[in-house]
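**Q** Structure file model.cif (mmCIF, N, CA and C atoms) right here:
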data_query
loop_
_atom_site.label_atom_id
_atom_site.label_comp_id
_atom_site.auth_asym_id
_atom_site.auth_seq_id
_atom_site.Cartn_x
_atom_site.Cartn_y
_atom_site.Cartn_z
N MET A 1055 0.85 -1.18 0.00
CA MET A 1055 0.00 0.00 0.00
C MET A 1055 0.89 1.24 0.00
N ARG A 1056 0.66 2.11 -0.95
CA ARG A 1056 1.45 3.32 -1.06
C ARG A 1056 0.58 4.53 -0.78
N LEU A 1057 1.19 5.51 -0.14
CA LEU A 1057 0.49 6.74 0.17
C LEU A 1057 0.77 7.77 -0.92
N GLY A 1058 -0.30 8.35 -1.42
CA GLY A 1058 -0.15 9.40 -2.41
C GLY A 1058 0.01 10.75 -1.75
N PRO A 1059 0.19 11.80 -2.55
CA PRO A 1059 0.38 13.13 -1.98
C PRO A 1059 -0.84 13.63 -1.21
N MET A 1060 -2.03 13.24 -1.63
CA MET A 1060 -3.24 13.67 -0.94
C MET A 1060 -3.31 13.06 0.46
N GLU A 1061 -2.98 11.78 0.57
CA GLU A 1061 -3.02 11.11 1.86
C GLU A 1061 -1.94 11.67 2.80
N LEU A 1062 -0.74 11.89 2.26
CA LEU A 1062 0.33 12.45 3.08
C LEU A 1062 -0.03 13.85 3.58
N GLY A 1063 -0.63 14.65 2.73
CA GLY A 1063 -1.06 15.99 3.13
C GLY A 1063 -2.09 15.93 4.23
N LEU A 1064 -3.03 15.00 4.12
CA LEU A 1064 -4.06 14.84 5.14
C LEU A 1064 -3.45 14.42 6.48
N ILE A 1065 -2.48 13.53 6.43
CA ILE A 1065 -1.81 13.09 7.66
C ILE A 1065 -1.08 14.25 8.31
N VAL A 1066 -0.39 15.06 7.52
CA VAL A 1066 0.33 16.22 8.06
C VAL A 1066 -0.63 17.19 8.72
N VAL A 1067 -1.76 17.46 8.07
CA VAL A 1067 -2.75 18.38 8.63
C VAL A 1067 -3.30 17.83 9.94
N LEU A 1068 -3.60 16.54 9.99
CA LEU A 1068 -4.13 15.94 11.21
C LEU A 1068 -3.12 15.99 12.35
N VAL A 1069 -1.85 15.75 12.05
CA VAL A 1069 -0.81 15.82 13.08
C VAL A 1069 -0.69 17.24 13.60
N LEU A 1070 -0.74 18.22 12.71
CA LEU A 1070 -0.66 19.62 13.14
C LEU A 1070 -1.84 19.99 14.02
N ILE A 1071 -3.03 19.50 13.68
CA ILE A 1071 -4.22 19.81 14.48
C ILE A 1071 -4.13 19.14 15.85
N LEU A 1072 -3.70 17.88 15.88
CA LEU A 1072 -3.66 17.14 17.14
C LEU A 1072 -2.58 17.64 18.09
N PHE A 1073 -1.39 17.92 17.58
CA PHE A 1073 -0.27 18.24 18.45
C PHE A 1073 0.11 19.70 18.45
N GLY A 1074 -0.26 20.44 17.44
CA GLY A 1074 0.13 21.84 17.35
C GLY A 1074 1.56 21.98 16.86
N ALA A 1075 1.86 23.11 16.27
CA ALA A 1075 3.18 23.31 15.67
C ALA A 1075 4.28 23.42 16.72
N GLY A 1076 3.96 23.88 17.92
CA GLY A 1076 4.97 24.04 18.96
C GLY A 1076 5.50 22.73 19.50
N ARG A 1077 4.64 21.72 19.59
CA ARG A 1077 5.05 20.43 20.15
C ARG A 1077 5.55 19.47 19.09
N LEU A 1078 5.46 19.84 17.83
CA LEU A 1078 5.81 18.93 16.74
C LEU A 1078 7.25 18.41 16.82
N PRO A 1079 8.25 19.24 17.08
CA PRO A 1079 9.61 18.70 17.18
C PRO A 1079 9.76 17.64 18.28
N ASP A 1080 9.11 17.85 19.41
CA ASP A 1080 9.16 16.87 20.49
C ASP A 1080 8.50 15.56 20.08
N VAL A 1081 7.38 15.66 19.39
CA VAL A 1081 6.66 14.46 18.94
C VAL A 1081 7.53 13.66 17.98
N PHE A 1082 8.14 14.33 17.01
CA PHE A 1082 8.97 13.62 16.04
C PHE A 1082 10.23 13.04 16.69
N THR A 1083 10.76 13.71 17.70
CA THR A 1083 11.90 13.18 18.43
C THR A 1083 11.52 11.88 19.13
N GLN A 1084 10.38 11.87 19.79
CA GLN A 1084 9.92 10.67 20.49
C GLN A 1084 9.63 9.53 19.51
N VAL A 1085 9.02 9.85 18.38
CA VAL A 1085 8.74 8.82 17.37
C VAL A 1085 10.04 8.24 16.84
N GLY A 1086 11.02 9.09 16.58
CA GLY A 1086 12.32 8.61 16.11
C GLY A 1086 12.99 7.70 17.11
N LYS A 1087 12.93 8.06 18.39
CA LYS A 1087 13.51 7.22 19.44
C LYS A 1087 12.80 5.87 19.50
N ALA A 1088 11.48 5.88 19.36
CA ALA A 1088 10.72 4.64 19.40
C ALA A 1088 11.10 3.72 18.24
N PHE A 1089 11.22 4.27 17.04
CA PHE A 1089 11.63 3.46 15.89
C PHE A 1089 13.04 2.92 16.07
N ARG A 1090 13.94 3.74 16.60
CA ARG A 1090 15.32 3.30 16.82
C ARG A 1090 15.36 2.17 17.84
N ASN A 1091 14.60 2.31 18.92
CA ASN A 1091 14.55 1.25 19.94
C ASN A 1091 13.98 -0.04 19.37
N PHE A 1092 12.97 0.08 18.52
CA PHE A 1092 12.35 -1.09 17.90
C PHE A 1092 13.35 -1.81 17.00
N LYS A 1093 14.08 -1.04 16.19
CA LYS A 1093 15.08 -1.65 15.30
C LYS A 1093 16.19 -2.31 16.10
N ASP A 1094 16.64 -1.65 17.16
CA ASP A 1094 17.69 -2.22 18.01
C ASP A 1094 17.21 -3.51 18.67
N ALA A 1095 15.97 -3.53 19.10
CA ALA A 1095 15.43 -4.73 19.75
C ALA A 1095 15.34 -5.88 18.75
N GLN A 1096 14.99 -5.59 17.52
CA GLN A 1096 14.93 -6.63 16.50
C GLN A 1096 16.32 -7.17 16.20
N LYS A 1097 17.30 -6.29 16.14
CA LYS A 1097 18.67 -6.68 15.80
C LYS A 1097 19.29 -7.51 16.92
N ASP A 1098 18.97 -7.17 18.16
CA ASP A 1098 19.58 -7.83 19.32
C ASP A 1098 18.82 -9.06 19.79
N ASP A 1099 17.73 -9.43 19.12
CA ASP A 1099 16.90 -10.55 19.55
C ASP A 1099 17.64 -11.87 19.32
N PRO A 1100 17.94 -12.60 20.40
CA PRO A 1100 18.67 -13.87 20.24
C PRO A 1100 17.81 -15.00 19.70
N THR A 1101 16.50 -14.88 19.78
CA THR A 1101 15.61 -15.94 19.31
C THR A 1101 15.13 -15.60 17.91
N ASP A 1102 15.91 -15.93 16.93
CA ASP A 1102 15.56 -15.65 15.54
C ASP A 1102 14.62 -16.75 15.05
N LEU A 1103 13.43 -16.37 14.64
CA LEU A 1103 12.44 -17.34 14.20
C LEU A 1103 12.59 -17.70 12.73
N GLY A 1104 13.39 -16.96 11.98
CA GLY A 1104 13.49 -17.17 10.54
C GLY A 1104 14.56 -18.03 10.08
#
I need this file expressed as structure tokens, please.

**A**
Amino acid sequence: MRLGPMELGLIVVLVLILFGAGRLPDVFTQVGKAFRNFKDAQKDDPTDLG
């Protein structure tokens, strides 16, 4: 599933409405940390199912 420009624009508008422009850098910082932690946890998982 690919997101087109219309969908991406709608997501950006919704994020701005929900969090406001002032808190946006903090929100993206937290999301980035969460993704980084998730990737690190996958890489360090000793029980590889594949």

**Q** Tell me, in Å to one decimal, how far atom N of A:Leu1070 is from atom N of A:Phe1082.

**A**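 Straight-line distance from atom N of A:Leu1070 to atom N of A:Phe1082 works out to 10.6 Å.
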
**Q** Interatomic distance between atom C of A:Thr1083 and atom N of A:Val1069?

**A**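 Interatomic distance here is 15.6 Å.
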
**Q** Please compute the atom CA of A:Val1067-atom N of A:Pro1079 distance, one decimal, in Å.

**A**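 Value for the atom CA of A:Val1067-atom N of A:Pro1079 distance: 13.9 Å.
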
**Q** Export C-alpha atoms of chain A from the structure just given, as a PDB file, in the first residue's frame?

**A**
ATOM      1  CA  MET A1055       0.000   0.000   0.000  1.00  0.00           C
ATOM      2  CA  ARG A1056       1.453   3.316  -1.060  1.00  0.00           C
ATOM      3  CA  LEU A1057       0.487   6.742   0.169  1.00  0.00           C
ATOM      4  CA  GLY A1058      -0.151   9.401  -2.413  1.00  0.00           C
ATOM      5  CA  PRO A1059       0.378  13.133  -1.981  1.00  0.00           C
ATOM      6  CA  MET A1060      -3.240  13.669  -0.939  1.00  0.00           C
ATOM      7  CA  GLU A1061      -3.017  11.110   1.864  1.00  0.00           C
ATOM      8  CA  LEU A1062       0.331  12.453   3.084  1.00  0.00           C
ATOM      9  CA  GLY A1063      -1.056  15.991   3.130  1.00  0.00           C
ATOM     10  CA  LEU A1064      -4.060  14.845   5.144  1.00  0.00           C
ATOM     11  CA  ILE A1065      -1.811  13.086   7.656  1.00  0.00           C
ATOM     12  CA  VAL A1066       0.332  16.217   8.058  1.00  0.00           C
ATOM     13  CA  VAL A1067      -2.747  18.377   8.632  1.00  0.00           C
ATOM     14  CA  LEU A1068      -4.133  15.937  11.215  1.00  0.00           C
ATOM     15  CA  VAL A1069      -0.813  15.818  13.077  1.00  0.00           C
ATOM     16  CA  LEU A1070      -0.660  19.615  13.142  1.00  0.00           C
ATOM     17  CA  ILE A1071      -4.222  19.810  14.476  1.00  0.00           C
ATOM     18  CA  LEU A1072      -3.658  17.138  17.135  1.00  0.00           C
ATOM     19  CA  PHE A1073      -0.268  18.236  18.445  1.00  0.00           C
ATOM     20  CA  GLY A1074       0.130  21.842  17.355  1.00  0.00           C
ATOM     21  CA  ALA A1075       3.179  23.314  15.669  1.00  0.00           C
ATOM     22  CA  GLY A1076       4.966  24.043  18.957  1.00  0.00           C
ATOM     23  CA  ARG A1077       5.048  20.434  20.151  1.00  0.00           C
ATOM     24  CA  LEU A1078       5.814  18.932  16.743  1.00  0.00           C
ATOM     25  CA  PRO A1079       9.614  18.698  17.178  1.00  0.00           C
ATOM     26  CA  ASP A1080       9.164  16.867  20.489  1.00  0.00           C
ATOM     27  CA  VAL A1081       6.658  14.463  18.941  1.00  0.00           C
ATOM     28  CA  PHE A1082       8.973  13.618  16.042  1.00  0.00           C
ATOM     29  CA  THR A1083      11.903  13.176  18.427  1.00  0.00           C
ATOM     30  CA  GLN A1084       9.924  10.675  20.485  1.00  0.00           C
ATOM     31  CA  VAL A1085       8.736   8.820  17.370  1.00  0.00           C
ATOM     32  CA  GLY A1086      12.316   8.613  16.110  1.00  0.00           C
ATOM     33  CA  LYS A1087      13.510   7.218  19.436  1.00  0.00           C
ATOM     34  CA  ALA A1088      10.718   4.636  19.403  1.00  0.00           C
ATOM     35  CA  PHE A1089      11.626   3.462  15.889  1.00  0.00           C
ATOM     36  CA  ARG A1090      15.319   3.303  16.820  1.00  0.00           C
ATOM     37  CA  ASN A1091      14.553   1.250  19.937  1.00  0.00           C
ATOM     38  CA  PHE A1092      12.350  -1.088  17.904  1.00  0.00           C
ATOM     39  CA  LYS A1093      15.085  -1.647  15.301  1.00  0.00           C
ATOM     40  CA  ASP A1094      17.687  -2.222  18.005  1.00  0.00           C
ATOM     41  CA  ALA A1095      15.433  -4.729  19.746  1.00  0.00           C
ATOM     42  CA  GLN A1096      14.927  -6.635  16.497  1.00  0.00           C
ATOM     43  CA  LYS A1097      18.667  -6.680  15.797  1.00  0.00           C
ATOM     44  CA  ASP A1098      19.578  -7.830  19.317  1.00  0.00           C
ATOM     45  CA  ASP A1099      16.899 -10.546  19.546  1.00  0.00           C
ATOM     46  CA  PRO A1100      18.673 -13.868  20.240  1.00  0.00           C
ATOM     47  CA  THR A1101      15.612 -15.945  19.307  1.00  0.00           C
ATOM     48  CA  ASP A1102      15.563 -15.654  15.538  1.00  0.00           C
ATOM     49  CA  LEU A1103      12.437 -17.336  14.201  1.00  0.00           C
ATOM     50  CA  GLY A1104      13.486 -17.170  10.542  1.00  0.00           C
TER      51      GLY A1104
END
